[in-house]
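First up is the structure itself, then whatever we jot down about it.
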Amino acid sequence: MALVPLKRRRRAPSPPAGPPGPGRFPAVVLCLVEKRMGASRRAFLTQLARAKGFRVDRTYSAAVTHVVSEQNSGAEVAQWLEQQREECGDGGDPALLDISWFTESMGAGRPVEIESRHRLRVAALAPHGRQMAPYACQRRTPLLHSNQPLTEALETLAEEAGFSGSEGRSLAFTRAASVLKALPGRLGALEELGPLPGIGEHSRRVIQDVLEDGVCAEVERVKLSERYRTMKLFTKIFGVGVRTASRWYQEGLRTFLDLQERSTKLTRQQQAGLQHYDDLNTPVERSEAESTSRAVQEAVKRFLPGASVTLAGGFRRGKPRGHDVDLLLTHPEEGREVGLLSRVVSWLDSQGLILYQHSQENSYGLREGPEPLGGRDVMDRFERCFSIFRLEAQGGPGAARGWKAVRVDLVVAPVSQFPFALLGWTGSRHFERELRRFASRERKMVLNSHALYDTRTSFYPLRPKKKSSSTWAWSMCPPHRETPEPWSTCPLQRPLAAQESPLQPWKRPLLPPVLAASSVFPGDPARLVPVD
Ligand code: TTP
């Protein structure tokens with residue numbers, strides 16, 4: 001390629017900003033990777049391509065169809081792409097090409113057909129696979145990834161297995177999907193997977209079918225099956241779990257009309273769920289989650305100044321939308337949070353903001369100790385309120401009537417348990433499950449949303465020592481820029497003296513053994529994907 005000398009010119013003009021229209025080839029949008037190519041050469045190539053009628057975008061977006069780089073490996077460009085996707089919050093699935101494709105296209109005056117010799121080898125997947133950590137909580141999983149059709153197929157089977165009560169099978173498909181989400185690029189062939197952990201025979205067959213035919217017949221059959229469709233319809237009602245939906249299905253119920261005609265007995269929660277079914281199954285936007293959080297903050301401030309409200313769940317992981325809003329309430333002084341929830345909920349109710357609510361008391365006793373090692377206690381015992389808010393509609397389905405029903409969970413955590421609550425409520429469910437499995441199998445500890453216990457020495461809870469502590473669980477909920485309070489005010493930011501311990505009557509709070517955070521969890525959980 002001798003279009004321009006590789007040597008850098010003294011002043012590198014940046015490529016002309018903005019794409020000028022669709023160009024002569026509307027199906028092709030180029031983006032050139034500057035790394036190794038250099039700014040001046042990139043600017044020159046951009047101008048050249050535009051002169052020939054190509055659209056060349058300066059920054060990456062989902063519109064880009066061809067990413068061209070020079071002297072970079074496939075793995076490097078795949079990593080670059082992942083970063084761009086995260087930055088622009090946009091997906092896209094462009095071809096990753098070597099400069100040879102660009103040179104030939106310029107020579108031909110049109111985009112030449114992409115041949116395999118033009119493609120960058122992202123077969124770095126196999127080596128990556130061999131290095132891939134076995135637990136999902138040890139892997140970096142980006143919000144947007146390149147294997148959507150594969151993970152969707154596996155997750156459909158996971159969901160179906162869950163509907164049939166086959167927890168083991170459901171978990172196997174979920175694990176396989178989670179591994180694919182952590183791959184650095186798009187999987188082109190099954191062989192590229194190599195000996196990846198967590199992908200069993202059945203999942204491999206599904207992957208192969210999707211890679212070869214674009215769909216997997218088994219998945220398509222499941223999606224069309226009456227049982228799957230009915231279970232999906234019913235479990236999307238707030239308050240209806242797999243067991244209830246399954247019973248209704250066995251009784252021959254298939255539609256909401258059936259529920260009505262057979263006078264099916266519904267709980268108050270299910271009635272509310274059915275009444276607001278459409279709204280509750282419309283994604284909650286981040287702006288809606290934030291305005292919910294502000295409303296709760298205002299109420300909290302009225303009754304307990306200094307208390308904090310933290311947005312958790314998928315939104316804390318960076319998702320732009322979710323199915324509900326999870327808010328954690330705490331106060332920097334242990335015990336001050338008691339009684340707060342009922343006052344907040346009553347006030348919000350009096351303001352006409354609550355359509356439905358039911359609360360549950362805190363039932364966690366530190367004396368009890370945790371579940372036995374390997375126990376499956378994923379539910380926490382914090383005081384909480386399951387509610388449906390009446391939120392001012394900001395466009396969308398509720399715009400005509402002016403409001404929208406939104407599911408909100410309010411959870412109160414005493415400050416000594418707050419780091420664990422925040423970690424537990426950040427999710428995803430699969431991440432949490434894996435974290436607990438890691439704790440139990442690899443560290444002989446028990447982690448839940450209240451505490452971390454060392455079962456080798458005792459069942460005493462370990463407490464976070466300070467922000468910079470090497471406790472791995474603590475390090476997994478670092479102060480994130482999106483996490484406002486209570487990190488700035490939280491006393492746990494400094495080491496607590498034994499007498500300050502909120503964990504009385506434990507005689508002596510055990511300090512965590514040295515567990516290097518980096519060996520466990522290299523990334524920031526706030527940027528992890530939901531894998532459930
Ligand atoms: P969810 O709100 O159920 O899930 P999410 O926010 O990840 O998903 P979406 O984006 O679709 O809204 O739960 C958030 C996390 O909180 C979840 O990963 C596990 C945890 N959690 C508990 O610890 N206890 C609970 O009772 C529930 C409902 C969730």
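Chain lettering (A, B, ...) mirrors the order of the structure tokens, residue numbering begins at 1 for each chain separately, and ligand numbering begins at 1 in order of display.
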Quiz item: So which residues are near ligand 1, meaning at most 7 Å away with only C-alpha atoms and all ligand atoms counted, given back as a list in words?
Solution: Gly313, Gly314, Phe315, Lys319, Arg321, Gly322, His323, Asp324, Val325, Asp326, Val378, Met379, Asp380, Gly424, Trp425, Thr426, Gly427, Ser428, Arg429, Glu432, Ser449 and Pro530 of chain A
Quiz item: as a ChimeraX atom specification, which residues of region 140-257 of chain A does DSSP assign to helix (DSSP H, G or I)?
Solution: /A:148-163,167-181,190-193,201-213,217-224,226-235,242-250,256-257
Exercise. Extract, using only C-alpha atoms, all DNA, RNA and protein residues at most 10 Å from Gly402 (chain A), discarding same-chain residues fewer than 2 positions from it, and format them as a list in words.
Key: Arg390, Leu391, Glu392, Ala393, Gln394, Gly395, Gly396, Pro397, Gly398, Ala399, Ala400 and Lys404 of chain A
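Using only C-alpha atoms for every distance, the candidate list A:Trp347, A:Phe420, A:Tyr60, A:Phe163 yields A:Phe420 as the residue closest to Leu452 (chain A).
Shortest atom-to-atom contact with Ala439 (chain A) among A:Gly188, A:Gln417, A:Tyr453, A:Glu226: A:Tyr453, counting only C-alpha atoms.
Take the candidates A:Trp101, A:Phe386, A:Phe54, A:Tyr135 and check each one against Phe438 (chain A) using only C-alpha atoms; the shortest distance goes to A:Tyr135.
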Quiz prompt | Best match for closeness to Arg436 (chain A) among A:Leu171, A:Cys137, A:Val215, A:Leu327, counting only C-alpha atoms | solution = A:Cys137
Quiz item: Do you know which residues are at most 12 Å from region 304-310 of chain A counting only C-alpha atoms, after dropping those on the same chain fewer than 3 positions away, and could you put them as a VMD selection string?
Solution: chain A and resid 289 to 290 292 to 301 313 315 to 316 325 to 341 343 to 344 409 to 415 418 to 419 421 to 423 425 to 426 479 to 480 482 to 490
Residues of region 272-379 of chain A within 8 Å of region 232-248 of chain A: nearest atom pair and distance (Å, one decimal) for each, counting only C-alpha atoms, sorted by chain and number, as a tab-separated table?
residue	atom	partner	partner_atom	distance
A:Ala272	CA	A:Phe238	CA	7.5
A:Gly273	CA	A:Phe238	CA	4.4
A:Leu274	CA	A:Ile237	CA	5.9
A:Tyr277	CA	A:Ile237	CA	6.3
A:Leu280	CA	A:Phe238	CA	7.9
A:Asn281	CA	A:Lys236	CA	7.2
Quiz item: Looking only at the backbone, which of the residues in region 49-79 of chain A does DSSP tag as strand (DSSP E or B), as a PyMOL selection string?
Solution: chain A and resi 55-56+66-69
Restricting it to N, CA and C atoms, dump the selection as a CSV table (one decimal), in the first residue's frame.
chain,number,residue,atom,x,y,z
A,55,ARG,N,-18.7,6.8,2.1
A,55,ARG,CA,-19.0,7.5,3.4
A,55,ARG,C,-18.0,7.0,4.4
A,56,VAL,N,-17.2,7.9,5.0
A,56,VAL,CA,-16.3,7.6,6.0
A,56,VAL,C,-16.6,8.3,7.3
A,66,HIS,N,-18.0,-1.2,8.0
A,66,HIS,CA,-16.6,-1.7,7.7
A,66,HIS,C,-15.6,-1.0,8.6
A,67,VAL,N,-14.9,-1.7,9.4
A,67,VAL,CA,-13.8,-1.1,10.2
A,67,VAL,C,-12.5,-1.5,9.6
A,68,VAL,N,-11.7,-0.5,9.2
A,68,VAL,CA,-10.5,-0.8,8.5
A,68,VAL,C,-9.3,-0.4,9.4
A,69,SER,N,-8.4,-1.3,9.5
A,69,SER,CA,-7.2,-0.9,10.3
A,69,SER,C,-5.9,-1.4,9.5
Quiz prompt | Selection near Ala51 (chain A), 12 Å with only C-alpha atoms, sequence-local residues under 2 positions removed, as number ranges by chain | solution = A: 16, 20, 23-24, 44-49, 53-56, 106, 109-110
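If you measure from each of A:Ser164, A:Asn72, A:Gln84, A:Ser100 to Glu113 (chain A) using only C-alpha atoms, the closest one turns out to be A:Ser100.
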Practice problem: Find the spatial neighbours of Leu187 (chain A), counting only C-alpha atoms, within a cut-off of 12 Å - ignore same-chain residues fewer than 4 positions away - and output them as a ChimeraX atom specification. | Solution: /A:78,93,121-126,129,145-151,179-183,191-194,207-208,210-212
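One finds CA of Thr156 (chain A) at 14.1 Å from CA of Thr230 (chain A).
Atom to atom, CA of Asp98 (chain A) and CA of Arg36 (chain A) stand 12.4 Å apart.
Take CA of Gly162 (chain A) and CA of Tyr228 (chain A): the distance between them is 10.3 Å.
Among the candidate residues A:Arg221, A:Arg407, A:Arg175, A:Arg205, the one lying nearest to Pro283 (chain A) is A:Arg407, with distances computed using only C-alpha atoms.
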